[in-house]
2 protein chains.
Amino acid sequence: MGSQKNANDTEVRILQAAEKEFLEKGYAGAKTTDIAAAAGVTHAMLHYYFRTKDKLFDKIVSEKIDKLVEILLGAFGNPELPLKERLSEGISRHFEFLVANPGLPRFIINELAMHPERIDYIRDRLFDKTGNVLRGIQKELDALPGVSSDAMMLLADIVSLNVFPFVAAPMLKAAAGQFYADYGDFFEKRKQENVKTILAKLNLL
Amino acid sequence: MGSQKNANDTEVRILQAAEKEFLEKGYAGAKTTDIAAAAGVTHAMLHYYFRTKDKLFDKIVSEKIDKLVEILLGAFGNPELPLKERLSEGISRHFEFLVANPGLPRFIINELAMHPERIDYIRDRLFDKTGNVLRGIQKELDALPGVSSDAMMLLADIVSLNVFPFVAAPMLKAAAGQFYADYGDFFEKRKQENVKTILAKLNLL
DNA sequence: ATTTGCGTTAACAATGATGTTAATCATAAC
DNA sequence: GTTATGATTAACATCATTGTTAACGCAAAT
């Protein structure tokens, strides 16, 4: 099958440009013409490959949700480790994933706020599996002396603490700038702090 | 000075409709015609009172930022209370403010992500004053036995824990639904949990 | 070398969104 | 009751955005 110049290369270039635009500006803020321009093609190509803006957006969303699900399961789903290591390593891995994908949480949050139906897609992929992970962690929590904790709450704690610095980056950047010379300092310290916060709560320090 | 029917009433109706639309859909997603329709007037009125979509949006953003600043200072800025009460009451007040304004955090977060310049506006109103509050809290933290903590980090912890349930509401709703009969249960428990998390971290329980 | 077929483009069509303007209406002031 | 004024509307103008289509080009297959 022949092609003029790039063929399938342009398809991925459009996808990459679309990802960047959608993550930065959201569905309504991103314009198909801008995406095409950033990909270096006419915007007709975008329609040629993906038919509509919606379909293109859908593709990005699903891909990103899958990635998110994968990392969450991977980070906390290792039942070999003792609880303390399982949690501290899980928190760190989750945080580092966010460092590598800083725009992702805000994107997902907004998408779910606009289209709550899509939560079903997440539930199907995530909660069946996390259900087991959470029940496993719950068992270990119940065995902890002097602490009554709830695995669901704990997961909410962890995700809250880890995600917030990324969704609120500009605000924290300004706030941290008053106390930290370098924003990178603040960020790195933040990861350790979150581990500390969770372990302290469980009396595991 | 005469008027046809409502006069200044329509101005506030437009503002209310605009607030709702902008909070729900963001700047790009909200349409001036929809706002006008929701306010029960022609969209020409919107331009008559506010000239442009941008100016209207600006008005909402500034108002909301002011409100946010006010609540943060009010919640944690009482130096009469001992640290433990100051924190637990601050966390609760902040959380309850969010219950009453659940869409606000996502709105502010997105606005700042799109227009980071506006952080200057926040800094001018907030950080001069929070600087003092934070330094005051820091002094008390330094006096705590066996804990080395950082007021800036502590504030980040608190805001993270409190804000996340609201920005990630659909996700948490689905997740909590697996473990809690009622989402309201989860939510109320969450407030207490956040107080507990912070106090545990400071060994104040 | 002709045909076939996908990739690509430019131009166009249609719709939607923002912003403007001239005319109308209601009310208060005189 | 006439006038003056601000509020309101309908209609319009303009521009941006999404989506389509017809023509063109390249490369491989025959």
# chains A, B, ... in the order shown; residues from 1 in each chain; ligands from 1
$ interface_residues --of "chain D" --to "chain B" --cutoff "8 Å" --atoms "only C-alpha atoms (C1' of nucleotides)" --output "list of chain:residue names"
D:DT5, D:DG6, D:DA7, D:DT8, D:DT9
$ closest_atom_pairs --of "chain C" --to "chain B" --cutoff "8 Å" --atoms "only C-alpha atoms (C1' of nucleotides)" --output "JSON lines"
{"residue": "C:DA17", "atom": "C1'", "partner": "B:Lys31", "partner_atom": "CA", "distance": 7.4}
{"residue": "C:DT18", "atom": "C1'", "partner": "B:Thr32", "partner_atom": "CA", "distance": 7.9}
{"residue": "C:DG19", "atom": "C1'", "partner": "B:His47", "partner_atom": "CA", "distance": 7.4}
{"residue": "C:DC25", "atom": "C1'", "partner": "B:Gln4", "partner_atom": "CA", "distance": 6.7}
{"residue": "C:DA26", "atom": "C1'", "partner": "B:Gln4", "partner_atom": "CA", "distance": 4.3}
{"residue": "C:DT27", "atom": "C1'", "partner": "B:Gly2", "partner_atom": "CA", "distance": 4.7}
{"residue": "C:DA28", "atom": "C1'", "partner": "B:Gly2", "partner_atom": "CA", "distance": 5.5}
$ write_last_selection --atoms "N, CA and C atoms (P, O5', C5', C4', C3', O3' and C1' of nucleotides)" --output "PDB file, in the first residue's frame"
ATOM      1  P    DA C  17     -22.226  27.237  20.297  1.00  0.00           P
ATOM      2  O5'  DA C  17     -21.385  28.572  20.431  1.00  0.00           O
ATOM      3  C5'  DA C  17     -20.022  28.561  20.048  1.00  0.00           C
ATOM      4  C4'  DA C  17     -19.455  29.939  20.185  1.00  0.00           C
ATOM      5  C3'  DA C  17     -20.134  30.794  21.252  1.00  0.00           C
ATOM      6  O3'  DA C  17     -19.165  31.410  22.069  1.00  0.00           O
ATOM      7  C1'  DA C  17     -20.213  31.876  19.147  1.00  0.00           C
ATOM      8  P    DT C  18     -19.550  32.438  23.144  1.00  0.00           P
ATOM      9  O5'  DT C  18     -19.058  33.787  22.460  1.00  0.00           O
ATOM     10  C5'  DT C  18     -17.708  33.931  22.078  1.00  0.00           C
ATOM     11  C4'  DT C  18     -17.535  35.264  21.383  1.00  0.00           C
ATOM     12  C3'  DT C  18     -17.905  36.462  22.248  1.00  0.00           C
ATOM     13  O3'  DT C  18     -16.832  37.396  22.190  1.00  0.00           O
ATOM     14  C1'  DT C  18     -19.057  36.533  20.165  1.00  0.00           C
ATOM     15  P    DG C  19     -16.810  38.566  23.259  1.00  0.00           P
ATOM     16  O5'  DG C  19     -17.436  39.742  22.376  1.00  0.00           O
ATOM     17  C5'  DG C  19     -16.849  40.036  21.109  1.00  0.00           C
ATOM     18  C4'  DG C  19     -17.744  40.931  20.299  1.00  0.00           C
ATOM     19  C3'  DG C  19     -18.314  42.163  21.027  1.00  0.00           C
ATOM     20  O3'  DG C  19     -18.018  43.313  20.271  1.00  0.00           O
ATOM     21  C1'  DG C  19     -19.991  41.062  19.816  1.00  0.00           C
ATOM     22  P    DC C  25     -42.709  48.773  21.177  1.00  0.00           P
ATOM     23  O5'  DC C  25     -42.489  48.724  22.753  1.00  0.00           O
ATOM     24  C5'  DC C  25     -41.679  47.708  23.334  1.00  0.00           C
ATOM     25  C4'  DC C  25     -41.257  48.137  24.721  1.00  0.00           C
ATOM     26  C3'  DC C  25     -42.346  48.875  25.500  1.00  0.00           C
ATOM     27  O3'  DC C  25     -42.663  48.134  26.655  1.00  0.00           O
ATOM     28  C1'  DC C  25     -40.226  49.963  25.686  1.00  0.00           C
ATOM     29  P    DA C  26     -43.983  48.471  27.501  1.00  0.00           P
ATOM     30  O5'  DA C  26     -43.323  49.080  28.809  1.00  0.00           O
ATOM     31  C5'  DA C  26     -42.328  48.314  29.487  1.00  0.00           C
ATOM     32  C4'  DA C  26     -41.612  49.198  30.485  1.00  0.00           C
ATOM     33  C3'  DA C  26     -42.544  49.975  31.402  1.00  0.00           C
ATOM     34  O3'  DA C  26     -42.102  49.807  32.731  1.00  0.00           O
ATOM     35  C1'  DA C  26     -41.004  51.449  30.375  1.00  0.00           C
ATOM     36  P    DT C  27     -43.171  50.015  33.930  1.00  0.00           P
ATOM     37  O5'  DT C  27     -42.498  51.240  34.681  1.00  0.00           O
ATOM     38  C5'  DT C  27     -41.078  51.218  34.888  1.00  0.00           C
ATOM     39  C4'  DT C  27     -40.514  52.608  34.847  1.00  0.00           C
ATOM     40  C3'  DT C  27     -41.229  53.617  35.759  1.00  0.00           C
ATOM     41  O3'  DT C  27     -40.341  53.924  36.807  1.00  0.00           O
ATOM     42  C1'  DT C  27     -40.509  54.575  33.707  1.00  0.00           C
ATOM     43  P    DA C  28     -40.978  54.551  38.166  1.00  0.00           P
ATOM     44  O5'  DA C  28     -40.155  55.913  38.282  1.00  0.00           O
ATOM     45  C5'  DA C  28     -38.752  55.883  38.044  1.00  0.00           C
ATOM     46  C4'  DA C  28     -38.285  57.230  37.564  1.00  0.00           C
ATOM     47  C3'  DA C  28     -38.789  58.406  38.410  1.00  0.00           C
ATOM     48  O3'  DA C  28     -37.699  59.275  38.663  1.00  0.00           O
ATOM     49  C1'  DA C  28     -39.323  58.763  36.132  1.00  0.00           C
TER      50       DA C  28
END
$ closest_residue --among "B:Arg86, B:Arg135, B:Lys59, B:Lys25" --to "chain A" --atoms "only C-alpha atoms"
B:Lys25
$ interface_residues --of "chain B" --to "chain A" --cutoff "8 Å" --atoms "only C-alpha atoms" --output "VMD selection string"
chain B and resid 24 to 25 28 to 29 106 109 to 110 112 to 114 116 119 123 127 152 to 153 156 to 157 160 to 161 163 to 165 167 to 172 174 to 176 179 190 193 196 to 198 200 to 201
$ write_last_selection --atoms "C-alpha atoms" --output "compact mmCIF listing (two decimals), in the first residue's frame"
# COMPACT_ATOMS: atom_id res chain seq x y z
CA GLU B 24 -19.45 23.72 35.73
CA LYS B 25 -17.92 23.98 32.28
CA ALA B 28 -14.05 27.63 27.04
CA GLY B 29 -16.93 25.28 27.72
CA ARG B 106 -11.72 22.63 40.30
CA ILE B 109 -7.29 25.00 39.69
CA ASN B 110 -8.20 25.14 36.03
CA LEU B 112 -4.66 28.96 37.37
CA ALA B 113 -3.46 26.22 35.06
CA MET B 114 -4.63 28.24 32.05
CA PRO B 116 -0.70 31.28 35.74
CA ILE B 119 -1.30 33.72 40.68
CA ARG B 123 -0.13 36.18 46.05
CA PHE B 127 0.61 35.18 50.83
CA MET B 152 4.30 25.02 54.66
CA MET B 153 4.21 21.25 54.28
CA ALA B 156 -0.09 21.56 51.78
CA ASP B 157 -1.14 18.37 53.58
CA SER B 160 -4.52 18.32 49.67
CA LEU B 161 -6.61 16.13 51.92
CA VAL B 163 -9.71 19.54 48.45
CA PHE B 164 -9.21 16.25 46.70
CA PRO B 165 -12.57 14.66 47.55
CA VAL B 167 -12.20 17.78 42.67
CA ALA B 168 -12.34 14.03 42.28
CA ALA B 169 -15.93 13.67 43.38
CA PRO B 170 -17.15 11.35 40.58
CA MET B 171 -14.21 9.03 41.03
CA LEU B 172 -14.50 8.89 44.79
CA ALA B 174 -17.72 5.36 42.49
CA ALA B 175 -14.94 4.09 44.71
CA ALA B 176 -16.76 4.80 47.94
CA PHE B 179 -17.57 0.23 50.47
CA ARG B 190 -13.74 12.06 55.42
CA GLU B 193 -10.41 11.42 58.95
CA LYS B 196 -7.09 12.61 62.45
CA THR B 197 -4.44 12.30 59.75
CA ILE B 198 -2.96 15.70 60.49
CA ALA B 200 -1.47 11.86 64.03
CA LYS B 201 1.34 13.27 61.97
$ residues_around --residues "DC30 (chain C)" --least-positions-apart "5" --cutoff "10 Å" --atoms "only C-alpha atoms (C1' of nucleotides)" --output "ChimeraX atom specification"
/D:2-4
$ atom_distance --atom1 "CA of Phe187 (chain B)" --atom2 "CA of Asn78 (chain A)"
28.6 Å
$ residues_around --residues "DA22 (chain C)" --least-positions-apart "3" --cutoff "12 Å" --atoms "only C-alpha atoms (C1' of nucleotides)" --output "number ranges by chain"
D: 9-12
$ atom_distance --atom1 "CA of Leu56 (chain B)" --atom2 "CA of Ile71 (chain B)"
23.1 Å
$ atom_distance --atom1 "CA of Gln16 (chain B)" --atom2 "CA of Lys64 (chain B)"
12.3 Å
